[in-house]
Amino acid sequence: MASKKKKLFKIIILGDSGVGKTSLMNQYVNARFTQQYRATVGADFMAKEVMIDDRMVTLQIWDTAGQERCQSLGGAFYRGADCCVLVYDITNPKSFDSLDSWRDEFLMQGQPKDPEHFPFVVLGNKLDKATERKVQESKAQQWCKSHGNIQFFEVSAKDATNIEQAFQDIAKAAASQE
Ligand code: GTP
Ligand code: MG
């Protein structure tokens with residue numbers, strides 16, 4: 001008998017310009033990293049198949065532009081998301097301070113059915129630059145805890161540290177919404 005369970009999950013990545021949203025997606029999906037910065041315009045997605053709990057599902061990962069706050073994309077874009085990934089750069093405190101407004105933006109525009117329990121995941125990127133760190137891990141953990149126990153990883157899109165683990169958790173969080 002064919003399973004009625006959902007097979008496609010929509011993941012949305014949000015965060016300030018330059019934090020590494022495109023790089024994270026590119027590292028996870030294509031195992032590639034480029035040093036050169038090209039700002040994302042609008043939004044685009046990549047798909048990847050993953051196993052969660054013995055079944056194959058497709059993650060549709062949406063990468064957005066940090067610059068425009070996606071205002072042009074609007075609610076229709078956020079609606080139907082199964083997980084929202086909030087990204088900051090551990091060397092850039094301002095990008096960490098923006099997490100609140102990105103979260104608010106998603107909840108306001110996307111209007112998930114159960115906002116209290118909607119799965120967010122926070123990624124502190126550029127861990128390879130830990131010597132230039134400006135955001136303490138404990139501070140980010142605190143923020144995640146006080147916003148409904150959000151899952152948190154420090155990662156590097158450059159050297160791929162924790163990328164597989166983080167996206168495995170993102171996939172599980174998305175599937176938990178069924
Ligand atoms: P917008 O598209 O403008 O919103 O930016 P973005 O969040 O997609 O950032 P992007 O992935 O384009 O990365 C910005 C810059 O940071 C690029 O020069 C990347 O090479 C660099 N970068 C991204 N991730 C890492 C990382 O983990 N470590 C280091 N050292 N650099 C990174
Ligand atoms: Mg980008």
# chains A, B, ... in the order shown; residues from 1 in each chain; ligands from 1

call {"tool": "residues_around", "arguments": {"residues": "Leu24 in chain A", "least_positions_apart": "5", "cutoff": "10 Å", "atoms": "only C-alpha atoms", "output": "list in words"}}
result
Ile13, Val19, Val29, Asn30, Ala31, Arg32, Phe33, Asp63, Val87, Leu123, Asn125, Lys126, Val155, Ser156, Ala157, Lys158, Ala160, Ile163 and Phe167 of chain A

call {"tool": "select_by_dssp", "arguments": {"residues": "range 30-146 of chain A", "states": "alpha helix (DSSP H)", "output": "ChimeraX atom specification"}}
result
/A:30,74-78,93-97,99-110,137-146

call {"tool": "write_last_selection", "arguments": {"atoms": "N, CA, C and O atoms", "output": "short mmCIF file (atom, residue, chain, number, x, y, z; two decimals), in the first residue's frame"}}
result
data_model
loop_
_atom_site.label_atom_id
_atom_site.label_comp_id
_atom_site.auth_asym_id
_atom_site.auth_seq_id
_atom_site.Cartn_x
_atom_site.Cartn_y
_atom_site.Cartn_z
N ASN A 30 25.58 20.53 -3.16
CA ASN A 30 26.58 20.25 -4.22
C ASN A 30 27.99 19.98 -3.70
O ASN A 30 28.90 19.77 -4.51
N GLY A 74 6.78 38.16 -0.22
CA GLY A 74 5.49 38.19 0.47
C GLY A 74 5.05 36.88 1.07
O GLY A 74 5.78 35.88 1.08
N GLY A 75 3.83 36.92 1.62
CA GLY A 75 3.29 35.79 2.38
C GLY A 75 3.18 34.51 1.60
O GLY A 75 3.43 33.43 2.13
N ALA A 76 2.81 34.61 0.34
CA ALA A 76 2.61 33.40 -0.47
C ALA A 76 3.87 32.56 -0.51
O ALA A 76 3.82 31.33 -0.54
N PHE A 77 5.00 33.24 -0.50
CA PHE A 77 6.29 32.54 -0.55
C PHE A 77 6.56 31.76 0.74
O PHE A 77 7.02 30.63 0.71
N TYR A 78 6.25 32.38 1.88
CA TYR A 78 6.54 31.74 3.17
C TYR A 78 5.53 30.66 3.53
O TYR A 78 5.84 29.74 4.28
N PRO A 93 28.09 40.49 14.90
CA PRO A 93 27.05 40.59 15.92
C PRO A 93 25.72 41.15 15.39
O PRO A 93 24.66 40.76 15.86
N LYS A 94 25.82 42.05 14.42
CA LYS A 94 24.61 42.63 13.85
C LYS A 94 23.72 41.56 13.21
O LYS A 94 22.50 41.59 13.33
N SER A 95 24.37 40.60 12.58
CA SER A 95 23.60 39.53 11.93
C SER A 95 22.91 38.65 12.97
O SER A 95 21.84 38.10 12.71
N PHE A 96 23.53 38.57 14.15
CA PHE A 96 22.89 37.82 15.25
C PHE A 96 21.70 38.60 15.79
O PHE A 96 20.62 38.04 16.02
N ASP A 97 21.88 39.92 15.95
CA ASP A 97 20.79 40.76 16.46
C ASP A 97 19.58 40.76 15.53
O ASP A 97 18.47 41.06 15.95
N LEU A 99 18.25 38.19 14.15
CA LEU A 99 17.48 36.94 14.19
C LEU A 99 16.03 37.18 14.60
O LEU A 99 15.11 36.60 14.03
N ASP A 100 15.84 38.07 15.59
CA ASP A 100 14.48 38.38 16.05
C ASP A 100 13.59 38.87 14.93
O ASP A 100 12.46 38.40 14.78
N SER A 101 14.12 39.81 14.14
CA SER A 101 13.26 40.38 13.10
C SER A 101 13.03 39.39 11.95
O SER A 101 11.97 39.38 11.35
N TRP A 102 14.00 38.52 11.68
CA TRP A 102 13.77 37.50 10.65
C TRP A 102 12.72 36.50 11.11
O TRP A 102 11.86 36.08 10.34
N ARG A 103 12.78 36.16 12.38
CA ARG A 103 11.79 35.23 12.93
C ARG A 103 10.39 35.87 12.88
O ARG A 103 9.42 35.24 12.45
N ASP A 104 10.31 37.13 13.32
CA ASP A 104 9.02 37.85 13.29
C ASP A 104 8.48 37.95 11.87
O ASP A 104 7.29 37.74 11.64
N GLU A 105 9.38 38.27 10.96
CA GLU A 105 9.00 38.39 9.55
C GLU A 105 8.39 37.08 9.04
O GLU A 105 7.33 37.08 8.42
N PHE A 106 9.05 35.99 9.38
CA PHE A 106 8.53 34.69 8.93
C PHE A 106 7.16 34.41 9.53
O PHE A 106 6.23 33.99 8.84
N LEU A 107 7.02 34.63 10.84
CA LEU A 107 5.77 34.30 11.52
C LEU A 107 4.63 35.20 11.04
O LEU A 107 3.49 34.75 10.88
N MET A 108 4.95 36.47 10.78
CA MET A 108 3.92 37.41 10.32
C MET A 108 3.47 37.09 8.90
O MET A 108 2.29 37.05 8.61
N GLN A 109 4.44 36.88 8.03
CA GLN A 109 4.13 36.66 6.61
C GLN A 109 3.62 35.24 6.35
O GLN A 109 2.72 35.03 5.57
N GLY A 110 4.26 34.28 7.01
CA GLY A 110 3.96 32.88 6.71
C GLY A 110 2.71 32.37 7.41
O GLY A 110 2.09 31.43 6.94
N GLU A 137 28.93 31.32 21.69
CA GLU A 137 28.01 30.20 21.49
C GLU A 137 26.92 30.20 22.56
O GLU A 137 25.74 29.96 22.27
N SER A 138 27.30 30.52 23.79
CA SER A 138 26.35 30.49 24.90
C SER A 138 25.24 31.53 24.72
O SER A 138 24.09 31.30 25.09
N LYS A 139 25.60 32.67 24.12
CA LYS A 139 24.62 33.73 23.88
C LYS A 139 23.57 33.24 22.87
O LYS A 139 22.37 33.46 23.04
N ALA A 140 24.03 32.58 21.85
CA ALA A 140 23.12 32.06 20.83
C ALA A 140 22.26 30.94 21.40
O ALA A 140 21.05 30.88 21.13
N GLN A 141 22.87 30.10 22.23
CA GLN A 141 22.11 29.02 22.86
C GLN A 141 21.00 29.59 23.74
O GLN A 141 19.88 29.08 23.75
N GLN A 142 21.33 30.66 24.43
CA GLN A 142 20.36 31.34 25.29
C GLN A 142 19.17 31.85 24.48
O GLN A 142 18.01 31.69 24.84
N TRP A 143 19.49 32.49 23.35
CA TRP A 143 18.44 33.05 22.47
C TRP A 143 17.53 31.92 21.99
O TRP A 143 16.31 32.04 22.01
N CYS A 144 18.14 30.82 21.59
CA CYS A 144 17.37 29.69 21.07
C CYS A 144 16.47 29.10 22.15
O CYS A 144 15.31 28.76 21.88
N LYS A 145 17.01 29.03 23.34
CA LYS A 145 16.25 28.48 24.46
C LYS A 145 15.03 29.35 24.77
O LYS A 145 13.93 28.86 24.99
N SER A 146 15.25 30.66 24.76
CA SER A 146 14.18 31.58 25.14
C SER A 146 13.17 31.80 24.01
O SER A 146 12.18 32.50 24.19
#

call {"tool": "closest_atom_pairs", "arguments": {"of": "chain A", "to": "ligand 2", "cutoff": "12 Å", "atoms": "only C-alpha atoms and all ligand atoms", "output": "tab-separated table"}}
result
residue	atom	partner	partner_atom_place_in_ligand_line	distance
A:Ile13	CA	ligand 2	1 (Mg)	9.6
A:Leu14	CA	ligand 2	1 (Mg)	9.6
A:Gly15	CA	ligand 2	1 (Mg)	9.4
A:Asp16	CA	ligand 2	1 (Mg)	9.3
A:Ser17	CA	ligand 2	1 (Mg)	6.9
A:Gly18	CA	ligand 2	1 (Mg)	6.9
A:Val19	CA	ligand 2	1 (Mg)	8.3
A:Gly20	CA	ligand 2	1 (Mg)	6.6
A:Lys21	CA	ligand 2	1 (Mg)	5.4
A:Thr22	CA	ligand 2	1 (Mg)	4.1
A:Ser23	CA	ligand 2	1 (Mg)	7.2
A:Leu24	CA	ligand 2	1 (Mg)	9.2
A:Met25	CA	ligand 2	1 (Mg)	9.2
A:Asn26	CA	ligand 2	1 (Mg)	9.9
A:Thr34	CA	ligand 2	1 (Mg)	11.8
A:Gln36	CA	ligand 2	1 (Mg)	11.3
A:Tyr37	CA	ligand 2	1 (Mg)	8.3
A:Arg38	CA	ligand 2	1 (Mg)	6.9
A:Ala39	CA	ligand 2	1 (Mg)	5.1
A:Thr40	CA	ligand 2	1 (Mg)	4.0
A:Val41	CA	ligand 2	1 (Mg)	7.5
A:Gly42	CA	ligand 2	1 (Mg)	9.2
A:Ala43	CA	ligand 2	1 (Mg)	8.6
A:Asp44	CA	ligand 2	1 (Mg)	9.4
A:Phe45	CA	ligand 2	1 (Mg)	11.1
A:Trp62	CA	ligand 2	1 (Mg)	10.4
A:Asp63	CA	ligand 2	1 (Mg)	6.6
A:Thr64	CA	ligand 2	1 (Mg)	6.3
A:Ala65	CA	ligand 2	1 (Mg)	5.5
A:Gly66	CA	ligand 2	1 (Mg)	6.9
A:Gln67	CA	ligand 2	1 (Mg)	9.1
A:Glu68	CA	ligand 2	1 (Mg)	11.3
A:Arg69	CA	ligand 2	1 (Mg)	11.9
A:Cys70	CA	ligand 2	1 (Mg)	11.9
A:Val87	CA	ligand 2	1 (Mg)	11.3

call {"tool": "residues_around", "arguments": {"residues": "Phe120 in chain A", "least_positions_apart": "5", "cutoff": "9 Å", "atoms": "only C-alpha atoms", "output": "PyMOL selection string"}}
result
chain A and resi 83-86+103+150-151+170+173-174

call {"tool": "closest_residue", "arguments": {"among": "A:Arg133, A:His147, A:Lys5, A:Arg79", "to": "ligand 1", "atoms": "only C-alpha atoms and all ligand atoms"}}
result
A:Arg133
